[in-house]
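Student: Following this message is one structure expressed as structure tokens.
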Amino acid sequence: MPDLAGFVEAAQRTFACDALVVGVRTGAQVLTLAASMGVRADERRPLRAAITALAPSLAGVPDLHVPRLAACELPGAEELAELGYRSLVAAELRLDGSSLGALVVLRRGDGAIENTELVGPFARQTALAVAHRRTRRSTASLAERLENLEALDEVALSSTNFDELSAALRQCVAPMFGAAMTGVMVWDAQREVLQLTPGSFGADEGTAASYQISAFDLHSNAARVFTTGRPYLSNDAADDRGIIQEWVDAFGIRRLLSLQLAVADRPIGVLHLVNKRTEFTFDDLRRAERLAPRIATVVELARAMFELRRKEQLEAVLSWVAVAIASGQSLLEFLPRALEDMCVALDATLLAIAPDESEPIVHRVSGDRDDLADTVLHEAQTGPGVRAYAIGPQKVGDPGWAAYYRPIHLGRQRIGTLAALRLRGEPFTQSERLALARVAKLAALGWASERYQQQRAELARLQERQRIADDLHDHVAQILFAAHLSLDAILESAELEPAIADGIARARGMLIRGDTAIRSVIHQLSQPIAGDFPSRLTAVVSNVEDEFFIPVHLEVSDAAAEAAKRLGRPAGEALLKVARESLVNAAKHAGPCRASVRLDVGRMGGVRLRVVDDGVGTTGVAR
């Protein structure tokens, strides 16, 4: 029976035994060795006789433990001891009230047989495999039920998430077997776990997400079905040691039929049919196996479509953000909505852009784990590097969580952190991380564009002030001065009546005061805004950009802007001259390059000006 070979090999690993035998009944009393592991060729005949003699003792018991064969009086025990076996655990292969044979686990040495509680569940799965090979009956009424599967295909193509697909399976597949619920687990190769899909078993989102089973946990019926390819049937799940009982209680499972879902011989998951009104039968299993490939194709297609839709959503958000930046919109105008749309596409609870020196821009979905969202946001503000981790479920109903942090750089300088949180122990995939990395780069580009626009606006304001000052000097001040001279000439050259002379003298005095006021305004307009050192530095940077056609990135921290207010005028003028001279030197001597000017606060609290270019030369720092 070649299709049992892989199953028996998995069983031998589970029990860490020396030999494992599947005896199948071929007559009223005779068993034949249908499959075995660890049995020598010369042992097969006496071993077959011993197992045949032992088989009646297995009837009516879940499993039989014989720790010392030499001291056992059961039929066949003495013969097994003579073959060198010291202990055994055995269970009857029983299905639909009939005995099909026996599963016998043997050990030669003194060590204990491991995981003996799983002998009964393995025996039930072996019985299903034996019956499957024996029967050749076609599935009655299967053809007339295919209309339901056609409806399932249509729903799968129109579903947008696993909740909708689970509802379709429950509606189309469960009635074929009289089952109350269905459940689908899909294989996650990245985590090497079987993950229950949302909506399965009618469970809430948290409970469904918390059902993650390692494919190597053979205490789980789902893991055994997935790894061995053999189905599992239980009509008394509450007392079945082959099913993890906490999940039986969580989902209210009484009767269960589980089988592998595979596409082109590649396992992709497990289908569960749950709580039939009467007992599941072998006929139910045969019909389910006939339908499984169709259901597997639907599940795989739906999963691929969901992933494609998610990627399309992410691309749409990223494209929209790029257009918003190119159109000159402020970050606060488009980034909150972009984060909200990204949260939906990623099924995330929190997405935040946390600048190092200003308040974060956050979208969060309020819920039971607001404390966890606060922790992730705090970690983003304290500046971790690139970091991603996932915390798996710790108990039923706990879905776990995953976090991802991505530093945001502008050129070579770090300016903030992007943080994402998902309340499910499913790490962000490579494609999701790439999308988040692009968001971080777009945010940096948005900041750079916004600051550049601010610098240009400040330069335009300064230039307008200078134009007004020039107009006042060239026109208004000259007219006032000419009027002043005319009145002086009148007073000196004509003999005027005293009253008229006094009036002209008063007009002359007002002209003098007006001229003085105009020249004061001209002087103020011609000077940078008093006390606003960042604006004066902006003007210096903009002038150098215009004169030498060199791109300059300017960054002034809030702390530096505050500290600059305390600078004396001589110190401020000296720093401005250093900035201009450094930028001019870079433009003249560093070759084709980009430059950056950063104003921040040093360790001693003083204002520090740093000018850097990526051409030839060295970095300059002034304090």
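So you can find residues: chains in the structure tokens are A, B, ... in the order shown, residues in each start at 1, and ligands are numbered from 1 in order.
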Name the residues in contact with segment 49-56 of chain A at a cut-off of 6 Å, using only C-alpha atoms, excluding same-chain residues fewer than 5 positions from it; report them as a ChimeraX atom specification.

Tutor: /A:30-31,75-76,79

Student: Write out as a tab-separated table the residues of segment 415-507 of chain A that have any atom within 10 Å of an atom of segment 321-345 of chain A, one row each with the nearest atom pair and its distance in Å to one decimal, counting only C-alpha atoms, sorted by chain and then rising number.

Tutor:
residue	atom	partner	partner_atom	distance
A:Ala420	CA	A:Cys343	CA	8.5
A:Leu421	CA	A:Cys343	CA	9.1
A:Arg422	CA	A:Cys343	CA	8.9
A:Glu432	CA	A:Ala345	CA	9.5
A:Ala435	CA	A:Met342	CA	9.2
A:Leu436	CA	A:Met342	CA	8.8
A:Val439	CA	A:Val321	CA	8.3
A:Leu442	CA	A:Ala322	CA	6.8
A:Ala443	CA	A:Leu331	CA	7.8
A:Leu445	CA	A:Ile325	CA	7.6
A:Gly446	CA	A:Ile325	CA	5.6
A:Trp447	CA	A:Leu331	CA	7.2
A:Ala448	CA	A:Ile325	CA	9.9
A:Ser449	CA	A:Gly328	CA	7.3
A:Glu450	CA	A:Ser330	CA	6.4
A:Arg451	CA	A:Ser330	CA	9.8
A:Gln453	CA	A:Gly328	CA	8.0

Student: Just the residues within 9 Å of Leu410 of chain A, please, counting only C-alpha atoms, with nothing from its chain fewer than 2 positions along; format it as a PyMOL selection string.

Tutor: chain A and resi 408+412-415+441+444-445+447-448

Student: Go ahead and write the selection's residues with N, CA, C and O atoms as an mmCIF file, in the first residue's frame.

Tutor:
data_model
loop_
_atom_site.group_PDB
_atom_site.id
_atom_site.type_symbol
_atom_site.label_atom_id
_atom_site.label_comp_id
_atom_site.auth_asym_id
_atom_site.auth_seq_id
_atom_site.Cartn_x
_atom_site.Cartn_y
_atom_site.Cartn_z
ATOM 1 N N ILE A 408 13.686 57.640 8.310
ATOM 2 C CA ILE A 408 13.467 58.513 7.161
ATOM 3 C C ILE A 408 14.716 59.375 7.005
ATOM 4 O O ILE A 408 15.110 60.078 7.942
ATOM 5 N N ARG A 412 21.962 62.282 3.467
ATOM 6 C CA ARG A 412 22.638 61.415 4.425
ATOM 7 C C ARG A 412 22.155 61.656 5.853
ATOM 8 O O ARG A 412 22.656 61.029 6.785
ATOM 9 N N GLN A 413 21.211 62.527 5.994
ATOM 10 C CA GLN A 413 20.785 62.920 7.334
ATOM 11 C C GLN A 413 19.453 62.288 7.686
ATOM 12 O O GLN A 413 18.501 62.316 6.911
ATOM 13 N N ARG A 414 19.385 61.709 8.857
ATOM 14 C CA ARG A 414 18.140 61.141 9.356
ATOM 15 C C ARG A 414 17.268 62.254 9.925
ATOM 16 O O ARG A 414 17.718 63.068 10.726
ATOM 17 N N ILE A 415 15.994 62.249 9.507
ATOM 18 C CA ILE A 415 15.099 63.317 9.953
ATOM 19 C C ILE A 415 13.864 62.790 10.663
ATOM 20 O O ILE A 415 13.063 63.587 11.178
ATOM 21 N N LYS A 441 10.427 57.447 1.926
ATOM 22 C CA LYS A 441 11.167 58.277 0.971
ATOM 23 C C LYS A 441 10.308 59.427 0.454
ATOM 24 O O LYS A 441 10.792 60.552 0.283
ATOM 25 N N ALA A 444 10.145 62.102 3.075
ATOM 26 C CA ALA A 444 11.375 62.902 3.056
ATOM 27 C C ALA A 444 11.362 63.888 1.894
ATOM 28 O O ALA A 444 11.739 65.067 2.049
ATOM 29 N N LEU A 445 10.918 63.417 0.732
ATOM 30 C CA LEU A 445 10.824 64.307 -0.420
ATOM 31 C C LEU A 445 9.828 65.427 -0.169
ATOM 32 O O LEU A 445 10.064 66.587 -0.547
ATOM 33 N N TRP A 447 9.035 66.717 2.772
ATOM 34 C CA TRP A 447 9.670 67.687 3.673
ATOM 35 C C TRP A 447 10.641 68.578 2.905
ATOM 36 O O TRP A 447 10.665 69.795 3.104
ATOM 37 N N ALA A 448 11.468 67.975 2.065
ATOM 38 C CA ALA A 448 12.440 68.760 1.308
ATOM 39 C C ALA A 448 11.736 69.769 0.411
ATOM 40 O O ALA A 448 12.136 70.944 0.333
#

Student: Calculate how many Å separate atom CA of Gly6 of chain A from atom CA of Ala129 of chain A, rounding to one decimal.

Tutor: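 Calculated distance between atom CA of Gly6 of chain A and atom CA of Ala129 of chain A is 11.8 Å.
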
Student: Please indicate the distance in Å from atom CA of Pro293 of chain A to atom CA of Ala10 of chain A, rounded to one decimal place.

Tutor: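 The value is 23.5 Å.
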
Student: I'd like to know which of A:Glu289, A:Thr516, A:Pro534, A:Ala539 is closest to Ala460 of chain A, using only C-alpha atoms.

Tutor: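 Smallest separation from Ala460 of chain A among the options: A:Ala539.
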
Student: Taking only C-alpha atoms into account, name the residue in A:Asp356, A:Asp249, A:Glu495, A:Asp474 that is nearest to Thr207 of chain A.

Tutor: A:Asp249

Student: Measuring between only C-alpha atoms, which one of A:Ser582, A:Thr116, A:Ser358, A:Thr429 shows the shortest distance to Ala189 of chain A?

Tutor: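 Selected residue with least distance to Ala189 of chain A: A:Thr429.
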
Student: Name the closest residue to Val8 of chain A among the candidates A:Leu261, A:Met37, A:Val521, A:Val376; distances are taken between atoms, counting only C-alpha atoms.

Tutor: A:Met37

Student: Counting only C-alpha atoms, what is within 7 Å of Arg108 of chain A, bar same-chain residues fewer than 6 positions away, as number ranges by chain?

Tutor: A: 18, 84-87

Student: For the residues in the current selection, export N, CA and C atoms as a PDB file, in the first residue's frame.

Tutor:
ATOM      1  N   ASP A  18      11.195   1.980  17.365  1.00  0.00           N
ATOM      2  CA  ASP A  18      12.101   1.181  16.548  1.00  0.00           C
ATOM      3  C   ASP A  18      11.383   0.568  15.348  1.00  0.00           C
ATOM      4  N   GLY A  84      12.573  -9.783  20.087  1.00  0.00           N
ATOM      5  CA  GLY A  84      13.452  -8.747  20.629  1.00  0.00           C
ATOM      6  C   GLY A  84      12.753  -7.454  20.981  1.00  0.00           C
ATOM      7  N   TYR A  85      11.431  -7.428  20.916  1.00  0.00           N
ATOM      8  CA  TYR A  85      10.703  -6.205  21.267  1.00  0.00           C
ATOM      9  C   TYR A  85      10.390  -6.203  22.750  1.00  0.00           C
ATOM     10  N   ARG A  86      10.532  -5.028  23.373  1.00  0.00           N
ATOM     11  CA  ARG A  86      10.363  -4.941  24.824  1.00  0.00           C
ATOM     12  C   ARG A  86       9.001  -4.359  25.209  1.00  0.00           C
ATOM     13  N   SER A  87       8.496  -3.369  24.406  1.00  0.00           N
ATOM     14  CA  SER A  87       7.232  -2.713  24.759  1.00  0.00           C
ATOM     15  C   SER A  87       6.484  -2.351  23.495  1.00  0.00           C
TER      16      SER A  87
END

Student: Using only C-alpha atoms, which residues sit within 10 Å of segment 600-611 of chain A once same-chain residues fewer than 6 positions away are excluded, as a compact mmCIF listing (two decimals) with N, CA and C atoms, in the first residue's frame?

Tutor:
# COMPACT_ATOMS: atom_id res chain seq x y z
N VAL A 552 21.22 73.80 -2.40
CA VAL A 552 21.58 73.82 -0.98
C VAL A 552 20.36 73.40 -0.15
N HIS A 553 20.55 72.42 0.73
CA HIS A 553 19.50 72.03 1.66
C HIS A 553 19.74 72.73 3.00
N LEU A 554 18.74 73.46 3.47
CA LEU A 554 18.85 74.19 4.73
C LEU A 554 17.95 73.54 5.76
N GLU A 555 18.49 73.29 6.96
CA GLU A 555 17.69 72.74 8.05
C GLU A 555 18.01 73.51 9.33
N VAL A 556 16.98 74.03 9.97
CA VAL A 556 17.11 74.77 11.23
C VAL A 556 16.22 74.10 12.26
N SER A 557 16.80 73.53 13.31
CA SER A 557 16.00 72.88 14.33
C SER A 557 15.26 73.93 15.15
N ASP A 558 14.16 73.52 15.76
CA ASP A 558 13.39 74.44 16.60
C ASP A 558 14.23 74.96 17.76
N ALA A 559 15.04 74.07 18.34
CA ALA A 559 15.89 74.49 19.47
C ALA A 559 16.91 75.52 19.02
N ALA A 560 17.47 75.35 17.80
CA ALA A 560 18.46 76.31 17.30
C ALA A 560 17.81 77.65 17.01
N ALA A 561 16.59 77.64 16.45
CA ALA A 561 15.90 78.89 16.18
C ALA A 561 15.65 79.67 17.47
N GLU A 562 15.34 78.95 18.54
CA GLU A 562 15.12 79.62 19.83
C GLU A 562 16.43 80.16 20.39
N ALA A 563 17.49 79.34 20.28
CA ALA A 563 18.79 79.78 20.81
C ALA A 563 19.34 80.95 20.02
N ALA A 564 19.06 81.01 18.71
CA ALA A 564 19.59 82.09 17.87
C ALA A 564 19.05 83.46 18.28
N ARG A 566 19.04 84.64 21.12
CA ARG A 566 19.91 85.18 22.16
C ARG A 566 21.28 85.60 21.63
N LEU A 567 21.50 85.38 20.32
CA LEU A 567 22.79 85.76 19.74
C LEU A 567 22.92 87.29 19.67
N GLY A 572 25.93 86.92 15.32
CA GLY A 572 25.04 86.52 14.24
C GLY A 572 25.62 86.87 12.88
N LEU A 575 28.42 84.43 11.96
CA LEU A 575 27.92 83.14 11.49
C LEU A 575 27.38 83.23 10.06
N LEU A 576 26.69 84.32 9.76
CA LEU A 576 26.17 84.49 8.41
C LEU A 576 27.31 84.59 7.40
N VAL A 578 30.30 83.29 7.78
CA VAL A 578 30.89 81.95 7.67
C VAL A 578 30.06 81.07 6.73
N ALA A 579 28.74 81.14 6.88
CA ALA A 579 27.86 80.33 6.03
C ALA A 579 28.04 80.71 4.57
N ARG A 580 28.02 82.03 4.29
CA ARG A 580 28.14 82.45 2.89
C ARG A 580 29.51 82.07 2.32
N SER A 582 31.54 79.69 3.25
CA SER A 582 31.65 78.23 3.09
C SER A 582 30.92 77.77 1.84
N LEU A 583 29.72 78.29 1.62
CA LEU A 583 28.94 77.90 0.44
C LEU A 583 29.60 78.39 -0.84
N ALA A 586 32.48 76.14 -1.56
CA ALA A 586 32.02 74.86 -2.09
C ALA A 586 31.65 75.01 -3.56
N THR A 618 36.48 69.22 2.86
CA THR A 618 36.17 68.78 4.22
C THR A 618 34.95 69.49 4.74
N THR A 619 34.44 69.00 5.85
CA THR A 619 33.26 69.57 6.51
C THR A 619 33.66 70.75 7.37
N GLY A 620 32.83 71.79 7.38
CA GLY A 620 33.09 72.95 8.21
C GLY A 620 32.04 73.11 9.29
N VAL A 621 32.48 73.43 10.50
CA VAL A 621 31.56 73.63 11.61
C VAL A 621 31.92 74.95 12.30
N ALA A 622 30.93 75.78 12.58
CA ALA A 622 31.15 77.04 13.30
C ALA A 622 30.22 77.08 14.49
N ARG A 623 30.73 77.59 15.62
CA ARG A 623 29.92 77.67 16.84
C ARG A 623 29.93 79.10 17.35

Student: Set the distance at 9 Å and use only C-alpha atoms: which residues neighbour Arg364 of chain A once local chain neighbours fewer than 5 positions away are removed? I'd like the list as a VMD selection string.

Tutor: chain A and resid 339 to 340 343 348 to 352 370 373

Student: Just N, CA, C and O atoms for this one: save the residues we selected as a PDB file, in the first residue's frame.

Tutor:
ATOM      1  N   LEU A 339      -1.900  58.098   5.135  1.00  0.00           N
ATOM      2  CA  LEU A 339      -1.660  57.115   6.189  1.00  0.00           C
ATOM      3  C   LEU A 339      -2.913  56.293   6.462  1.00  0.00           C
ATOM      4  O   LEU A 339      -2.836  55.083   6.713  1.00  0.00           O
ATOM      5  N   GLU A 340      -4.069  56.928   6.431  1.00  0.00           N
ATOM      6  CA  GLU A 340      -5.322  56.209   6.642  1.00  0.00           C
ATOM      7  C   GLU A 340      -5.531  55.164   5.545  1.00  0.00           C
ATOM      8  O   GLU A 340      -5.883  54.002   5.829  1.00  0.00           O
ATOM      9  N   CYS A 343      -3.184  52.262   6.031  1.00  0.00           N
ATOM     10  CA  CYS A 343      -3.629  51.398   7.125  1.00  0.00           C
ATOM     11  C   CYS A 343      -4.659  50.389   6.628  1.00  0.00           C
ATOM     12  O   CYS A 343      -4.624  49.214   6.990  1.00  0.00           O
ATOM     13  N   ALA A 348      -3.515  47.471   9.004  1.00  0.00           N
ATOM     14  CA  ALA A 348      -2.718  47.917  10.146  1.00  0.00           C
ATOM     15  C   ALA A 348      -3.581  48.699  11.131  1.00  0.00           C
ATOM     16  O   ALA A 348      -4.641  49.232  10.780  1.00  0.00           O
ATOM     17  N   THR A 349      -3.110  48.761  12.376  1.00  0.00           N
ATOM     18  CA  THR A 349      -3.805  49.504  13.424  1.00  0.00           C
ATOM     19  C   THR A 349      -3.209  50.888  13.608  1.00  0.00           C
ATOM     20  O   THR A 349      -3.899  51.819  14.006  1.00  0.00           O
ATOM     21  N   LEU A 350      -1.936  51.024  13.310  1.00  0.00           N
ATOM     22  CA  LEU A 350      -1.237  52.303  13.492  1.00  0.00           C
ATOM     23  C   LEU A 350      -0.246  52.493  12.360  1.00  0.00           C
ATOM     24  O   LEU A 350       0.464  51.568  11.979  1.00  0.00           O
ATOM     25  N   LEU A 351      -0.206  53.711  11.839  1.00  0.00           N
ATOM     26  CA  LEU A 351       0.824  54.103  10.880  1.00  0.00           C
ATOM     27  C   LEU A 351       1.180  55.541  11.204  1.00  0.00           C
ATOM     28  O   LEU A 351       0.295  56.408  11.282  1.00  0.00           O
ATOM     29  N   ALA A 352       2.462  55.799  11.443  1.00  0.00           N
ATOM     30  CA  ALA A 352       2.884  57.113  11.907  1.00  0.00           C
ATOM     31  C   ALA A 352       4.171  57.541  11.229  1.00  0.00           C
ATOM     32  O   ALA A 352       5.063  56.722  10.968  1.00  0.00           O
ATOM     33  N   ASP A 370      -4.856  50.064  22.606  1.00  0.00           N
ATOM     34  CA  ASP A 370      -4.341  51.428  22.468  1.00  0.00           C
ATOM     35  C   ASP A 370      -3.013  51.586  23.196  1.00  0.00           C
ATOM     36  O   ASP A 370      -2.168  52.384  22.787  1.00  0.00           O
ATOM     37  N   ALA A 373      -0.337  50.534  20.833  1.00  0.00           N
ATOM     38  CA  ALA A 373      -0.116  51.566  19.813  1.00  0.00           C
ATOM     39  C   ALA A 373       0.706  52.714  20.397  1.00  0.00           C
ATOM     40  O   ALA A 373       1.594  53.255  19.721  1.00  0.00           O
TER      41      ALA A 373
END

Student: When distances are computed from only C-alpha atoms, which of A:Gly385, A:Pro393, A:Pro46, A:Gly60 shows the smallest separation from Leu83 of chain A?

Tutor: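 Distance minimum relative to Leu83 of chain A lands on A:Pro46.
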
Student: Please, what distance in Å, to one decimal, runs between atom CA of Thr417 of chain A and atom CA of Ala388 of chain A?

Tutor: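 About the pair atom CA of Thr417 of chain A and atom CA of Ala388 of chain A: they are 13.0 Å apart.
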
Student: Given the choices A:Gly23, A:Gly416, A:Gly425, A:Pro67, which gets closest to Ala402 of chain A if the distance is worked out from only C-alpha atoms?

Tutor: A:Gly425

Student: Wanna dump the segment 305-414 of chain A-segment 213-232 of chain A contacts at 12 Å for me, each residue with its shortest atom pair and the distance in Å to one decimal, counting only C-alpha atoms, ordered by chain and number, as JSON lines?

Tutor:
{"residue": "A:Gly392", "atom": "CA", "partner": "A:Ile213", "partner_atom": "CA", "distance": 10.6}
{"residue": "A:Pro393", "atom": "CA", "partner": "A:Ile213", "partner_atom": "CA", "distance": 10.1}
{"residue": "A:Gln394", "atom": "CA", "partner": "A:Ile213", "partner_atom": "CA", "distance": 11.9}
{"residue": "A:Lys395", "atom": "CA", "partner": "A:Ile213", "partner_atom": "CA", "distance": 11.9}
{"residue": "A:Val396", "atom": "CA", "partner": "A:Ile213", "partner_atom": "CA", "distance": 11.8}

Student: DSSP on the backbone, then: every residue of segment 315-488 of chain A marked alpha helix (DSSP H), written as a PyMOL selection string.

Tutor: chain A and resi 315-326+331-346+370-381+430-471+477-488

Student: Among the residues of segment 240-328 of chain A, find those DSSP assigns to strand (DSSP E) from the backbone and print them as a ChimeraX atom specification.

Tutor: /A:256-263,266-274

Student: For the residues in that selection, give me N, CA, C and O atoms as a PDB file, in the first residue's frame.

Tutor:
ATOM      1  N   LEU A 256     -15.930  16.531  13.516  1.00  0.00           N
ATOM      2  CA  LEU A 256     -14.949  17.209  12.649  1.00  0.00           C
ATOM      3  C   LEU A 256     -14.482  16.276  11.543  1.00  0.00           C
ATOM      4  O   LEU A 256     -14.178  15.108  11.781  1.00  0.00           O
ATOM      5  N   LEU A 257     -14.428  16.830  10.330  1.00  0.00           N
ATOM      6  CA  LEU A 257     -13.822  16.149   9.187  1.00  0.00           C
ATOM      7  C   LEU A 257     -12.822  17.122   8.570  1.00  0.00           C
ATOM      8  O   LEU A 257     -13.184  18.220   8.144  1.00  0.00           O
ATOM      9  N   SER A 258     -11.538  16.711   8.529  1.00  0.00           N
ATOM     10  CA  SER A 258     -10.471  17.580   8.025  1.00  0.00           C
ATOM     11  C   SER A 258      -9.755  16.887   6.882  1.00  0.00           C
ATOM     12  O   SER A 258      -9.479  15.686   6.951  1.00  0.00           O
ATOM     13  N   LEU A 259      -9.421  17.650   5.836  1.00  0.00           N
ATOM     14  CA  LEU A 259      -8.660  17.080   4.731  1.00  0.00           C
ATOM     15  C   LEU A 259      -7.763  18.132   4.104  1.00  0.00           C
ATOM     16  O   LEU A 259      -8.022  19.337   4.213  1.00  0.00           O
ATOM     17  N   GLN A 260      -6.702  17.648   3.468  1.00  0.00           N
ATOM     18  CA  GLN A 260      -5.692  18.530   2.900  1.00  0.00           C
ATOM     19  C   GLN A 260      -6.235  19.217   1.647  1.00  0.00           C
ATOM     20  O   GLN A 260      -6.957  18.618   0.849  1.00  0.00           O
ATOM     21  N   LEU A 261      -5.880  20.486   1.478  1.00  0.00           N
ATOM     22  CA  LEU A 261      -6.139  21.216   0.239  1.00  0.00           C
ATOM     23  C   LEU A 261      -4.818  21.320  -0.511  1.00  0.00           C
ATOM     24  O   LEU A 261      -3.811  21.770   0.050  1.00  0.00           O
ATOM     25  N   ALA A 262      -4.825  20.899  -1.778  1.00  0.00           N
ATOM     26  CA  ALA A 262      -3.592  20.913  -2.568  1.00  0.00           C
ATOM     27  C   ALA A 262      -3.910  21.359  -3.988  1.00  0.00           C
ATOM     28  O   ALA A 262      -4.983  21.068  -4.526  1.00  0.00           O
ATOM     29  N   VAL A 263      -2.957  22.096  -4.578  1.00  0.00           N
ATOM     30  CA  VAL A 263      -3.060  22.539  -5.964  1.00  0.00           C
ATOM     31  C   VAL A 263      -1.837  21.999  -6.701  1.00  0.00           C
ATOM     32  O   VAL A 263      -0.695  22.305  -6.321  1.00  0.00           O
ATOM     33  N   ARG A 266       0.695  20.363  -4.652  1.00  0.00           N
ATOM     34  CA  ARG A 266       1.372  21.243  -3.686  1.00  0.00           C
ATOM     35  C   ARG A 266       0.389  21.595  -2.573  1.00  0.00           C
ATOM     36  O   ARG A 266      -0.607  22.274  -2.810  1.00  0.00           O
ATOM     37  N   PRO A 267       0.656  21.158  -1.315  1.00  0.00           N
ATOM     38  CA  PRO A 267      -0.270  21.465  -0.232  1.00  0.00           C
ATOM     39  C   PRO A 267      -0.356  22.973   0.004  1.00  0.00           C
ATOM     40  O   PRO A 267       0.667  23.654   0.081  1.00  0.00           O
ATOM     41  N   ILE A 268      -1.568  23.482   0.101  1.00  0.00           N
ATOM     42  CA  ILE A 268      -1.752  24.912   0.367  1.00  0.00           C
ATOM     43  C   ILE A 268      -2.517  25.173   1.654  1.00  0.00           C
ATOM     44  O   ILE A 268      -2.582  26.312   2.112  1.00  0.00           O
ATOM     45  N   GLY A 269      -3.105  24.122   2.266  1.00  0.00           N
ATOM     46  CA  GLY A 269      -3.855  24.354   3.485  1.00  0.00           C
ATOM     47  C   GLY A 269      -4.699  23.162   3.879  1.00  0.00           C
ATOM     48  O   GLY A 269      -4.484  22.022   3.430  1.00  0.00           O
ATOM     49  N   VAL A 270      -5.697  23.423   4.724  1.00  0.00           N
ATOM     50  CA  VAL A 270      -6.568  22.373   5.272  1.00  0.00           C
ATOM     51  C   VAL A 270      -8.002  22.887   5.278  1.00  0.00           C
ATOM     52  O   VAL A 270      -8.246  24.054   5.620  1.00  0.00           O
ATOM     53  N   LEU A 271      -8.930  22.017   4.891  1.00  0.00           N
ATOM     54  CA  LEU A 271     -10.360  22.318   4.960  1.00  0.00           C
ATOM     55  C   LEU A 271     -10.968  21.536   6.113  1.00  0.00           C
ATOM     56  O   LEU A 271     -10.736  20.330   6.246  1.00  0.00           O
ATOM     57  N   HIS A 272     -11.762  22.227   6.952  1.00  0.00           N
ATOM     58  CA  HIS A 272     -12.476  21.584   8.054  1.00  0.00           C
ATOM     59  C   HIS A 272     -13.981  21.683   7.805  1.00  0.00           C
ATOM     60  O   HIS A 272     -14.495  22.768   7.492  1.00  0.00           O
ATOM     61  N   LEU A 273     -14.672  20.551   7.951  1.00  0.00           N
ATOM     62  CA  LEU A 273     -16.131  20.524   7.991  1.00  0.00           C
ATOM     63  C   LEU A 273     -16.518  20.185   9.420  1.00  0.00           C
ATOM     64  O   LEU A 273     -16.001  19.212   9.998  1.00  0.00           O
ATOM     65  N   VAL A 274     -17.426  20.961  10.009  1.00  0.00           N
ATOM     66  CA  VAL A 274     -17.633  20.894  11.456  1.00  0.00           C
ATOM     67  C   VAL A 274     -19.117  20.758  11.789  1.00  0.00           C
ATOM     68  O   VAL A 274     -19.977  21.401  11.171  1.00  0.00           O
TER      69      VAL A 274
END

Student: I'd like the neighbourhood of Ala70 of chain A as a list in words, where a residue qualifies if any of its atoms comes within 8 Å (using only C-alpha atoms), though same-chain residues fewer than 3 positions away should be ignored.

Tutor: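 Those residues are Ala77, Glu78, Ala81 and Arg86 of chain A.
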